[in-house]
Amino acid sequence: MADPVIVWFRRDLRLADNSALESASGAPVLPVFVWALSEEGDWTPGGASRWWLHRSLAALDADMRARGSRLIVRSGSSADTLTALVRETGAGAVHWNRRCEPAAAAQEDEVARALAGMGCRVRTFDGSDLSGSTGLLNASGRPFQVFTPFYRALSARLTDEGIAPSGGPPALAPPAEWPSSEPLDSLGQRPVAAWDAGLRATWTPGEQGAQSDLDRFLAERIGTYAAMRDRPDTEGVSRLSPHLHFGEIGPRQIWHAAQNVPGSEPFLRQLVWREFSRHLLRHFPHTASEPLRPEFAAFPWRTDPAALRAWRRGMTGYPIVDAGMRQLRRTGWMHNRVRMLVASFLTKDLLIPWQEGARWFWDTLVDADLANNTQGWQWTAGCGADASPYFRIFNPVIQGMRFDPDGAYVRQWVPELAKIPAEWIHRPWEAPDRVLAEAGVRLGETYPARIVDHAEAREAALAAYAQLRRAAQCGKQIPPSSG
DNA sequence: TGAAATGTTGGGGCG
DNA sequence: ACGCCCCAACATTTC
């Protein structure tokens with residue numbers, strides 16, 4: 001029998017369209033997941049993310065067992081664990097699909113060196129990216145910093161998406177002997193307290209759940225995606241993000257399944273935003289914590305713990321903002337339109353650093369993804385690539401009335417406002433006293449009064465931006481000191 | 001993947 | 001019939 005091949009599962013928790021797994025076919029396969037918290041740098045997964053991971057690993061293991069195999073789970077350093085497994089099992093090679101996060105990528109380099117040092121073969125793949133995405137550079141050989149040229153360049157390269165990605169292998173050849181595995185529950189991913197009722201009611205982690213979500217979306221909702229994607233009060237979007245983050249479904253599978261469906265362009269464009277985010281994080285690894293545009297280091301952010309706490313808890317007094325923040329805590333997910341809007345509120349109305357928002361999203365989202373999260377927040381704050389100009393400030397009332405016209409989204413997540421008529425539900429502070437009384441709302445008691453006045457906050461944000469521009473101008477005029 | 005301020009136009013009320 | 005004003009509706013500019 002040939003030496004077994006270790007397939008090191010990263011953020012590719014699926015059997016279909018898995019480059020690392022396919023490349024091992026023919027040999028006995030030893031699927032391994034290594035839980036190495038300390039290797040995530042400053043970005044250890046939050047509770048919601050761990051909740052998902054735990055279930056996704058359980059689902060992957062079940063899928064493998066149905067194919068005559070199983071998932072070996074170990075905790076500890078990746079390099080130590082994999083080199084030990086190679087020794088234990090006599091594996092001749094380790095294959096994996098590379099991650100894009102700086103800490104993970106550095107770790108993978110170290111693992112590759114350690115394995116090569118013991119004479120073990122290493123093969124790595126871009127299995128978590130669209131074909132042609134990694135290594136893409138502009139005409140002058142530099143990374144793209146604007147989305148549209150990136151999109152065009154990637155589209156030109158997307159040739160093999162016409163070829164159907166492989167389905168999952170019908171069977172996985174097991175090794176002669178299985179090494180030991182730790183029980184999933186020992187990894188501490190499952191929540192101790194029962195805070196996860198909302199998550200359990202909302203999601204089905206695992207490859208099968210991902211595939212059925214995609215199938216249903218393409219069959220039933222892709223036609224109205226362009227019109228409904230901005231409506232958090234409807235089922236307008238695919239909700240594939242957590243599945244995609246953990247690799248329960250791959251971008252190539254989505255691209256291939258959707259590319260010939262009429263009306264799928266705007267949806268696939270979102271997939272390219274994901275590639276763009278990964279591209280940016282790979283080339284500018286400092287951007288997870290620092291602004292891409294260096295002049296933003298001088299931005300006059302405020303420190304306001306009380307306002308930050310109100311934002312996190314969904315108690316700002318702006319119904320659409322609070323609805324989004326509560327949906328996030330309850331379900332581990334927030335509609336994209338609302339993510340933009342609450343991010344604008346934090347960074348522009350409250351002038352709180354985008355990093356605070358990125359950290360909260362990281363800790364609470366089931367789809368927490370360093371590349372997407374970083375790019376999204378920097379985009380909103382105006383300090384990222386192809387960013388929203390700073391003066392683009394969302395008005396939470398207008399956004400609410402436009403994208404949640406009946407107030408159904410607010411009613412669902414902010415039930416204390418449920419009885420306010422649509423006309424006033426996004427601006428209860430302007431409602432006639434009689435309307436509030438009939439709805440049983442007492443502002444400042446049953447629902448918070450606004451923590452800021454948007455019109456005033458907007459002026460303050462514009463002033464802060466003007467200050468930044470002056471500082472940047474100033475910096476240009478003062479020649480750097482020699483030496 | 002905004003919003004507010006400002007400018008323009010055209011219909012209708014009115015002296 | 002005319003000029004004037006008001007203002008809604010739309011377009012443009014500015015932040």
# chains A, B, ... in the order shown; residues from 1 in each chain; ligands from 1
call {"tool": "interface_residues", "arguments": {"of": "chain A", "to": "chain C", "cutoff": "9 Å", "atoms": "only C-alpha atoms (C1' of nucleotides)", "output": "PyMOL selection string"}}
result
chain A and resi 391-392+462
call {"tool": "residues_around", "arguments": {"residues": "A:Leu115", "least_positions_apart": "5", "cutoff": "12 Å", "atoms": "only C-alpha atoms (C1' of nucleotides)", "output": "list in words"}}
result
Ile6, Ser78, Ala79, Asp80, Thr81, Leu82, Thr83, Ala84, Leu85, Val86, Arg87, Ala91, Gly92, Ala93, Val94, His95, Glu108, Asp109, Glu110, Cys120, Arg121, Val122 and Arg123 of chain A
call {"tool": "write_last_selection", "arguments": {"atoms": "C-alpha atoms", "output": "PDB file, in the first residue's frame"}}
result
ATOM      1  CA  ILE A   6      -2.077  13.865   5.155  1.00  0.00           C
ATOM      2  CA  SER A  78       0.548  23.046  13.720  1.00  0.00           C
ATOM      3  CA  ALA A  79       4.200  22.266  13.023  1.00  0.00           C
ATOM      4  CA  ASP A  80       4.606  19.953  16.025  1.00  0.00           C
ATOM      5  CA  THR A  81       1.302  18.214  15.405  1.00  0.00           C
ATOM      6  CA  LEU A  82       1.882  17.579  11.718  1.00  0.00           C
ATOM      7  CA  THR A  83       5.483  16.454  12.057  1.00  0.00           C
ATOM      8  CA  ALA A  84       4.395  14.101  14.841  1.00  0.00           C
ATOM      9  CA  LEU A  85       1.627  12.711  12.660  1.00  0.00           C
ATOM     10  CA  VAL A  86       4.032  12.163   9.798  1.00  0.00           C
ATOM     11  CA  ARG A  87       6.269  10.161  12.112  1.00  0.00           C
ATOM     12  CA  ALA A  91       2.853   9.694   5.659  1.00  0.00           C
ATOM     13  CA  GLY A  92       4.865  10.678   2.624  1.00  0.00           C
ATOM     14  CA  ALA A  93       3.215  14.017   1.940  1.00  0.00           C
ATOM     15  CA  VAL A  94       1.101  16.762   3.468  1.00  0.00           C
ATOM     16  CA  HIS A  95      -1.317  18.720   1.275  1.00  0.00           C
ATOM     17  CA  GLU A 108       2.101  27.610   6.960  1.00  0.00           C
ATOM     18  CA  ASP A 109       5.563  28.645   5.833  1.00  0.00           C
ATOM     19  CA  GLU A 110       6.970  27.375   9.098  1.00  0.00           C
ATOM     20  CA  CYS A 120       8.225  14.961   3.787  1.00  0.00           C
ATOM     21  CA  ARG A 121       6.670  16.222   0.573  1.00  0.00           C
ATOM     22  CA  VAL A 122       4.547  19.376   0.796  1.00  0.00           C
ATOM     23  CA  ARG A 123       1.945  20.457  -1.732  1.00  0.00           C
TER      24      ARG A 123
END
call {"tool": "atom_distance", "arguments": {"atom1": "atom CA of A:Thr331", "atom2": "atom C1' of B:DT1"}}
result
23.8 Å
call {"tool": "closest_residue", "arguments": {"among": "A:Val452, A:Leu365, A:Val32, A:Met340", "to": "A:Ala307", "atoms": "only C-alpha atoms"}}
result
A:Val452
call {"tool": "closest_atom_pairs", "arguments": {"of": "chain A", "to": "chain B", "cutoff": "10 Å", "atoms": "only C-alpha atoms (C1' of nucleotides)", "output": "JSON lines"}}
result
{"residue": "A:Asp230", "atom": "CA", "partner": "B:DT1", "partner_atom": "C1'", "distance": 9.4}
{"residue": "A:Asn336", "atom": "CA", "partner": "B:DT1", "partner_atom": "C1'", "distance": 9.9}
{"residue": "A:Arg337", "atom": "CA", "partner": "B:DT1", "partner_atom": "C1'", "distance": 8.3}
{"residue": "A:Met340", "atom": "CA", "partner": "B:DT1", "partner_atom": "C1'", "distance": 8.5}
{"residue": "A:Thr380", "atom": "CA", "partner": "B:DT1", "partner_atom": "C1'", "distance": 9.9}
{"residue": "A:Ser388", "atom": "CA", "partner": "B:DT1", "partner_atom": "C1'", "distance": 8.5}
{"residue": "A:Pro389", "atom": "CA", "partner": "B:DG2", "partner_atom": "C1'", "distance": 9.8}
{"residue": "A:Phe391", "atom": "CA", "partner": "B:DG2", "partner_atom": "C1'", "distance": 8.4}
{"residue": "A:Arg392", "atom": "CA", "partner": "B:DG2", "partner_atom": "C1'", "distance": 5.2}
{"residue": "A:Ile393", "atom": "CA", "partner": "B:DG2", "partner_atom": "C1'", "distance": 6.1}
{"residue": "A:Phe394", "atom": "CA", "partner": "B:DG2", "partner_atom": "C1'", "distance": 6.1}
{"residue": "A:Asn395", "atom": "CA", "partner": "B:DA3", "partner_atom": "C1'", "distance": 7.2}
{"residue": "A:Ile398", "atom": "CA", "partner": "B:DA3", "partner_atom": "C1'", "distance": 9.1}
{"residue": "A:Gln399", "atom": "CA", "partner": "B:DG2", "partner_atom": "C1'", "distance": 9.5}
{"residue": "A:Ala455", "atom": "CA", "partner": "B:DA4", "partner_atom": "C1'", "distance": 10.0}
{"residue": "A:Arg458", "atom": "CA", "partner": "B:DA3", "partner_atom": "C1'", "distance": 9.9}
call {"tool": "closest_atom_pairs", "arguments": {"of": "stretch 41-93 of chain A", "to": "stretch 280-292 of chain A", "cutoff": "12 Å", "atoms": "only C-alpha atoms", "output": "Markdown table"}}
result
| residue | atom | partner | partner_atom | distance |
| --- | --- | --- | --- | --- |
| A:Gly41 | CA | A:Ala288 | CA | 11.1 |
| A:Asp42 | CA | A:Ser289 | CA | 9.3 |
| A:Trp43 | CA | A:Ala288 | CA | 9.3 |
call {"tool": "write_last_selection", "arguments": {"atoms": "C-alpha atoms", "output": "CSV table (one decimal), in the first residue's frame"}}
result
chain,number,residue,atom,x,y,z
A,41,GLY,CA,-2.1,36.2,16.1
A,42,ASP,CA,-4.3,39.0,17.4
A,43,TRP,CA,-7.3,37.4,15.8
call {"tool": "atom_distance", "arguments": {"atom1": "atom CA of A:Phe361", "atom2": "atom CA of A:Arg329"}}
result
9.5 Å
call {"tool": "select_by_dssp", "arguments": {"residues": "stretch 116-212 of chain A", "states": "alpha helix (DSSP H)", "output": "PDB file with C-alpha atoms, in the first residue's frame"}}
result
ATOM      1  CA  ALA A 116      10.622  19.566   4.234  1.00  0.00           C
ATOM      2  CA  GLY A 117      13.311  19.286   6.880  1.00  0.00           C
ATOM      3  CA  PHE A 147     -11.895  47.370  -7.267  1.00  0.00           C
ATOM      4  CA  THR A 148     -12.995  47.884 -10.860  1.00  0.00           C
ATOM      5  CA  PRO A 149      -9.614  47.274 -12.519  1.00  0.00           C
ATOM      6  CA  PHE A 150      -9.172  44.268 -10.235  1.00  0.00           C
ATOM      7  CA  TYR A 151     -12.567  42.975 -11.293  1.00  0.00           C
ATOM      8  CA  ARG A 152     -11.741  43.387 -14.975  1.00  0.00           C
ATOM      9  CA  ALA A 153      -8.349  41.727 -14.650  1.00  0.00           C
ATOM     10  CA  LEU A 154      -9.780  38.818 -12.707  1.00  0.00           C
ATOM     11  CA  SER A 155     -12.659  38.353 -15.136  1.00  0.00           C
ATOM     12  CA  ALA A 156     -10.155  38.041 -17.951  1.00  0.00           C
ATOM     13  CA  ARG A 157      -8.420  35.263 -16.054  1.00  0.00           C
ATOM     14  CA  ALA A 197     -30.178  29.471  21.041  1.00  0.00           C
ATOM     15  CA  GLY A 198     -30.431  32.152  18.344  1.00  0.00           C
ATOM     16  CA  LEU A 199     -27.563  30.614  16.419  1.00  0.00           C
ATOM     17  CA  ARG A 200     -29.025  27.120  16.597  1.00  0.00           C
ATOM     18  CA  ALA A 201     -32.366  28.367  15.358  1.00  0.00           C
ATOM     19  CA  THR A 202     -30.786  30.195  12.426  1.00  0.00           C
ATOM     20  CA  GLU A 207     -21.140  21.217   3.510  1.00  0.00           C
ATOM     21  CA  GLN A 208     -24.631  19.869   2.910  1.00  0.00           C
ATOM     22  CA  GLY A 209     -26.248  22.938   4.467  1.00  0.00           C
ATOM     23  CA  ALA A 210     -24.036  25.164   2.324  1.00  0.00           C
ATOM     24  CA  GLN A 211     -24.881  23.363  -0.886  1.00  0.00           C
ATOM     25  CA  SER A 212     -28.602  23.358  -0.216  1.00  0.00           C
TER      26      SER A 212
END
call {"tool": "atom_distance", "arguments": {"atom1": "atom CA of A:Ile222", "atom2": "atom CA of A:Leu268"}}
result
10.5 Å
call {"tool": "select_by_dssp", "arguments": {"residues": "stretch 5-232 of chain A", "states": "strand (DSSP E or B)", "output": "PyMOL selection string"}}
result
chain A and resi 5-9+29-35+72-75+93-97+121-125
call {"tool": "residues_around", "arguments": {"residues": "stretch 406-420 of chain A", "least_positions_apart": "2", "cutoff": "6 Å", "atoms": "only C-alpha atoms (C1' of nucleotides)", "output": "PyMOL selection string"}}
result
chain A and resi 233+320+323+404+422+425+439
call {"tool": "write_last_selection", "arguments": {"atoms": "N, CA and C atoms", "output": "CSV table (one decimal), in the first residue's frame"}}
result
chain,number,residue,atom,x,y,z
A,233,ASP,N,-35.3,43.5,5.3
A,233,ASP,CA,-36.6,43.0,5.7
A,233,ASP,C,-37.1,41.9,4.9
A,320,ILE,N,-32.9,51.6,13.2
A,320,ILE,CA,-32.4,50.7,12.2
A,320,ILE,C,-31.0,50.2,12.6
A,323,ALA,N,-31.5,47.7,15.4
A,323,ALA,CA,-32.0,46.4,14.9
A,323,ALA,C,-30.9,45.6,14.4
A,404,ASP,N,-36.1,49.7,4.7
A,404,ASP,CA,-37.0,48.9,5.6
A,404,ASP,C,-38.3,49.7,5.6
A,422,ALA,N,-45.4,52.7,10.5
A,422,ALA,CA,-44.2,52.8,9.7
A,422,ALA,C,-43.7,54.2,9.5
A,425,ILE,N,-41.6,54.9,12.7
A,425,ILE,CA,-40.8,53.9,13.3
A,425,ILE,C,-39.3,54.1,13.2
A,439,ALA,N,-48.5,53.4,21.1
A,439,ALA,CA,-47.6,52.3,20.8
A,439,ALA,C,-46.9,51.8,22.1
